[in-house]
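Inspection log for the structure reproduced underneath, given as structure tokens.
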Amino acid sequence: MRVAVPRETAPGERRVALVPEVVSRLSAGSFTIAIEHEAGAAAGFPDEAYESAGAEVVDGAALLAGAEAVVRVIPPSADEAAALAAGTVLIGFLAPLTDTEGIARLQSRGVVAFAMESIPRITRAQSMDALSSQATVAGYKSVLLAADRSPKMFPLLMTAAGTVAPAKVLVLGAGVAGLQAIATARRLGAVVFSFDVRPAVKEQVESLGASFLELGVRAEETAGGYATELTPEQQAQQQAELEQRIPEFDVVITTALIPGRPAPKLIPASAVSSMRSGSVVVDLAAETGGNCELTRPGEEIDEHGVTIVGITNLPSTMATHASQLLSRNVVALLGLLARDGELVLDWDDEIVAASCVTRPKEVAA
Ligand code: NAD
């Protein structure tokens with residue numbers, strides 16, 4: 001089975017869908033890998049590394065010629081989608097809940113598209129869980145950004161010049177990214193608090209050495225482990241409670257998301273105005289509108305001395321490890337879709353059925 005790996009063309013996207021380590025494994029089996037010239041360069045993987053791993057490094061039309069599957073990081077542009085032959089299997093983050101135009105384009109091309117976001121979060125699919133692998137990277141990086149932007153050090157220090165108090169960090173949303181942010185901030189020595197609307201995470205937060213902030217706001221948890229959206233009254237209560245507590249903190253990292261919905265607004269502008277000068281907000285939800293009312297997606301702003309970091313696509317800023325983890329997720333899914341080099345789409349398999357977001361009628365069960 002021939003698998004093509006294009007170079008990502010979106011501005012700022014440094015990741016690559018397959019790294020040489022997994023190319024070696026695939027090429028040793030029944031796969032032929034064609035990778036576009038310099039596809040891994042921005043993630044630290046030169047063409048030579050792919051050649052040594054057994055891939056063909058190609059350019060232009062040769063990339064897609066004869067490829068049964070195309071694996072990429074983020075959705076293809078209109079031109080990239082137009083180049084896909086009918087029946088091609090496409091694997092990647094495809095934004096199935098929000099990019100209706102992109103999904104319609106793939107459907108009209110007759111592409112058999114599998115979205116990494118749609119893989120059910122069941123135990124058997126853990127090795128394919130790219131949302132988790134990339135959220136882990138984002139959570140880690142959010143703390144490094146906060147530590148860098150903060151004029152304070154994170155750990156408690158007892159020095160000859162006296163004691164330095166540890167930084168106080170608040171992590172809002174304790175899913176995969178939030179828990180990694182808590183763990184990273186703890187490793188740096190900060191005193192960490194966290195809040196999530198899913199009551200089940202309290203224990204996880206405490207097991208990482210952080211304290212759970214009691215705000216008296218609770219949401220339901222869906223079967224997939226996600227939070228449901230708060231009612232407008234609950235949202236107002238959450239904002240009011242946070243407004244009281246936020247001024248205590250040097251750093252606030254927000255990671256709250258509701259799949260397919262705009263990010264919940266947790267921090268109103270009035271809460272930012274009550275923060276001390278020098279405080280930092282890192283908004284991991286910037287891409288879907290931000291958890292902070294003042295966040296500007298893709299930008300870093302100063303609001304009366306409070307830095308609000310809205311940088312998007314943090315996994316891309318740690319492209320080597322983000323790509324390594326992502327490509328292991330991709331290979332795990334590929335292993336489910338192909339056996340002995342042949343495409344075998346078992347629509348009775350819940351992972352295959354749930355992650356497939358477009359397919360032509362003749363490929364239907
Ligand atoms: P996510 O990225 O969709 O959301 C991040 C966090 O934001 C969640 O913890 C959510 O509860 C929280 N949140 C939403 N609205 C909020 C609000 N108004 N205030 C505060 N917090 C809010 O979620 P995720 O991190 O991708 O995953 C969430 C959960 O899914 C995990 O913690 C886990 O329980 C489950 N999960 C299960 C598996 C598995 O079993 N294989 C794998 C990954 C995740």
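Simple scheme: letters A, B, ... for chains in structure tokens order, numbers from 1 for residues in each chain, numbers from 1 for ligands in the order shown.
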Problem - Long-range neighbours of Arg109 in chain A as a list in words, 12 Å cut-off, only C-alpha atoms, 2 positions minimum in chain - result: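 Contacts, with the query itself left out: Ala78, Asp79, Glu80, Ala81, Ala82, Ala83, Leu84, Ala85, Ala86, Gly87, Thr88, Val89, Leu90, Gly102, Ile103, Ala104, Arg105, Leu106, Gln107, Val111, Val112, Ala113, Thr358, Arg359, Pro360 and Lys361 of chain A.
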Set out as CSV a contact list for chain A and ligand 1 with a cut-off of 6 Å, giving each residue of chain A that qualifies its closest atom pair and distance in Å to one decimal, counting only C-alpha atoms and all ligand atoms, ordered by chain and rising residue number.
```
residue,atom,partner,partner_atom_place_in_ligand_line,distance
A:Arg121,CA,ligand 1,41 (N),4.0
A:Ile122,CA,ligand 1,41 (N),4.4
A:Thr123,CA,ligand 1,41 (N),4.8
A:Gln126,CA,ligand 1,41 (N),4.7
A:Ser132,CA,ligand 1,43 (C),5.6
A:Leu172,CA,ligand 1,20 (C),5.4
A:Gly173,CA,ligand 1,21 (N),3.6
A:Ala174,CA,ligand 1,9 (O),4.5
A:Gly175,CA,ligand 1,25 (O),3.3
A:Val176,CA,ligand 1,25 (O),3.8
A:Ala177,CA,ligand 1,25 (O),5.7
A:Phe195,CA,ligand 1,20 (C),6.0
A:Asp196,CA,ligand 1,21 (N),3.9
A:Val197,CA,ligand 1,20 (C),4.8
A:Arg198,CA,ligand 1,11 (O),5.0
A:Gly225,CA,ligand 1,30 (O),4.0
A:Tyr226,CA,ligand 1,28 (C),4.9
A:Ala227,CA,ligand 1,11 (O),4.3
A:Thr255,CA,ligand 1,5 (C),5.5
A:Ala256,CA,ligand 1,7 (O),3.3
A:Leu257,CA,ligand 1,4 (O),4.0
A:Ile258,CA,ligand 1,3 (O),5.0
A:Pro259,CA,ligand 1,3 (O),5.3
A:Pro264,CA,ligand 1,18 (N),5.4
```
Limited to C-alpha atoms, could you put the picked residues into a file as an mmCIF file, in the first residue's frame?
```cif
data_model
loop_
_atom_site.group_PDB
_atom_site.id
_atom_site.type_symbol
_atom_site.label_atom_id
_atom_site.label_comp_id
_atom_site.auth_asym_id
_atom_site.auth_seq_id
_atom_site.Cartn_x
_atom_site.Cartn_y
_atom_site.Cartn_z
ATOM 1 C CA ARG A 121 -11.956 8.007 23.225
ATOM 2 C CA ILE A 122 -12.252 4.376 24.198
ATOM 3 C CA THR A 123 -9.484 2.289 25.727
ATOM 4 C CA GLN A 126 -5.848 5.211 23.123
ATOM 5 C CA SER A 132 -4.592 13.805 23.681
ATOM 6 C CA LEU A 172 -8.854 26.412 34.233
ATOM 7 C CA GLY A 173 -10.013 23.209 32.565
ATOM 8 C CA ALA A 174 -8.331 20.031 33.774
ATOM 9 C CA GLY A 175 -8.606 17.791 30.713
ATOM 10 C CA VAL A 176 -5.528 16.425 28.994
ATOM 11 C CA ALA A 177 -3.873 19.821 28.360
ATOM 12 C CA PHE A 195 -10.906 24.181 38.314
ATOM 13 C CA ASP A 196 -13.007 22.117 35.935
ATOM 14 C CA VAL A 197 -16.758 21.791 35.574
ATOM 15 C CA ARG A 198 -16.453 17.982 35.561
ATOM 16 C CA GLY A 225 -15.765 12.113 28.879
ATOM 17 C CA TYR A 226 -16.388 15.667 27.622
ATOM 18 C CA ALA A 227 -18.098 18.465 29.514
ATOM 19 C CA THR A 255 -7.770 25.162 28.534
ATOM 20 C CA ALA A 256 -11.573 24.880 28.664
ATOM 21 C CA LEU A 257 -13.190 23.527 25.505
ATOM 22 C CA ILE A 258 -16.528 22.111 24.407
ATOM 23 C CA PRO A 259 -16.075 20.005 21.223
ATOM 24 C CA PRO A 264 -16.611 29.013 26.962
#
```
Handout entry: Distance query Met116 in chain A at most 7 Å, only C-alpha atoms, self and fewer than 6 positions along chain excluded, as a ChimeraX atom specification
Key = /A:92-93,130,355
Dump of all heavy atoms for the selected residues, as a PDB file, in the first residue's frame:
```pdb
ATOM      1  N   GLY A  92      -6.025  12.650   8.976  1.00  0.00           N
ATOM      2  CA  GLY A  92      -5.437  13.856   9.565  1.00  0.00           C
ATOM      3  C   GLY A  92      -6.441  14.545  10.464  1.00  0.00           C
ATOM      4  O   GLY A  92      -7.582  14.089  10.600  1.00  0.00           O
ATOM      5  N   PHE A  93      -6.027  15.648  11.080  1.00  0.00           N
ATOM      6  CA  PHE A  93      -6.994  16.505  11.765  1.00  0.00           C
ATOM      7  C   PHE A  93      -7.793  17.203  10.665  1.00  0.00           C
ATOM      8  O   PHE A  93      -7.210  17.902   9.827  1.00  0.00           O
ATOM      9  CB  PHE A  93      -6.268  17.562  12.615  1.00  0.00           C
ATOM     10  CG  PHE A  93      -5.718  17.033  13.902  1.00  0.00           C
ATOM     11  CD1 PHE A  93      -4.357  16.983  14.132  1.00  0.00           C
ATOM     12  CD2 PHE A  93      -6.569  16.600  14.912  1.00  0.00           C
ATOM     13  CE1 PHE A  93      -3.848  16.509  15.335  1.00  0.00           C
ATOM     14  CE2 PHE A  93      -6.071  16.121  16.122  1.00  0.00           C
ATOM     15  CZ  PHE A  93      -4.711  16.077  16.333  1.00  0.00           C
ATOM     16  N   ALA A 130      -4.923  11.314  18.983  1.00  0.00           N
ATOM     17  CA  ALA A 130      -4.065  12.455  18.640  1.00  0.00           C
ATOM     18  C   ALA A 130      -4.508  13.730  19.348  1.00  0.00           C
ATOM     19  O   ALA A 130      -3.689  14.625  19.576  1.00  0.00           O
ATOM     20  CB  ALA A 130      -4.074  12.660  17.127  1.00  0.00           C
ATOM     21  N   SER A 355     -14.642   7.432  12.996  1.00  0.00           N
ATOM     22  CA  SER A 355     -13.628   8.390  12.549  1.00  0.00           C
ATOM     23  C   SER A 355     -13.766   8.738  11.068  1.00  0.00           C
ATOM     24  O   SER A 355     -13.199   9.719  10.602  1.00  0.00           O
ATOM     25  CB  SER A 355     -12.217   7.874  12.850  1.00  0.00           C
ATOM     26  OG  SER A 355     -12.013   6.639  12.217  1.00  0.00           O
TER      27      SER A 355
END
```
Problem - Nearest residue to Pro6 in chain A from the set A:Thr136, A:Gln237, A:Asn291, A:Ser77 (distances using only C-alpha atoms) - result: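 Smallest distance to Pro6 in chain A is found for A:Ser77.
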Problem - Exercise: Arg187 in chain A partners within 12 Å, only C-alpha atoms, chain neighbours under 2 positions left out, as a ChimeraX atom specification - result: /A:140,143-144,147,154-156,166,180-185,189-192,208-210
Closest atom pairs, residues of range 10-77 of chain A within 7 Å of range 314-321 of chain A, only C-alpha atoms, as a tab-separated table:
```
residue	atom	partner	partner_atom	distance
A:Glu13	CA	A:Ser316	CA	5.8
A:Arg14	CA	A:Ser316	CA	5.3
A:Arg15	CA	A:Ala319	CA	4.9
A:Ala43	CA	A:Ala319	CA	4.7
A:Gly44	CA	A:Thr320	CA	6.0
```
Exercise for the section: From the DSSP assignment of the backbone, select every residue of range 92-121 of chain A that is strand (DSSP E), and format the answer as an NGL selection string. Expected result: :A and (92 or 112-115)
How would the residues just chosen look if you wrote them out with N, CA, C and O atoms as a short mmCIF file (atom, residue, chain, number, x, y, z; two decimals), in the first residue's frame?
```cif
data_model
loop_
_atom_site.label_atom_id
_atom_site.label_comp_id
_atom_site.auth_asym_id
_atom_site.auth_seq_id
_atom_site.Cartn_x
_atom_site.Cartn_y
_atom_site.Cartn_z
N GLY A 92 -6.02 12.65 8.98
CA GLY A 92 -5.44 13.86 9.56
C GLY A 92 -6.44 14.54 10.46
O GLY A 92 -7.58 14.09 10.60
N VAL A 112 -12.15 9.17 0.97
CA VAL A 112 -12.54 8.41 2.17
C VAL A 112 -11.73 9.01 3.31
O VAL A 112 -10.54 8.69 3.49
N ALA A 113 -12.36 9.94 4.04
CA ALA A 113 -11.58 10.76 4.98
C ALA A 113 -11.78 10.31 6.43
O ALA A 113 -12.92 10.10 6.87
N PHE A 114 -10.68 10.16 7.15
CA PHE A 114 -10.71 9.78 8.56
C PHE A 114 -10.15 10.94 9.39
O PHE A 114 -9.00 11.34 9.20
N ALA A 115 -10.99 11.46 10.28
CA ALA A 115 -10.57 12.61 11.10
C ALA A 115 -10.03 12.13 12.43
O ALA A 115 -10.72 11.40 13.16
#
```
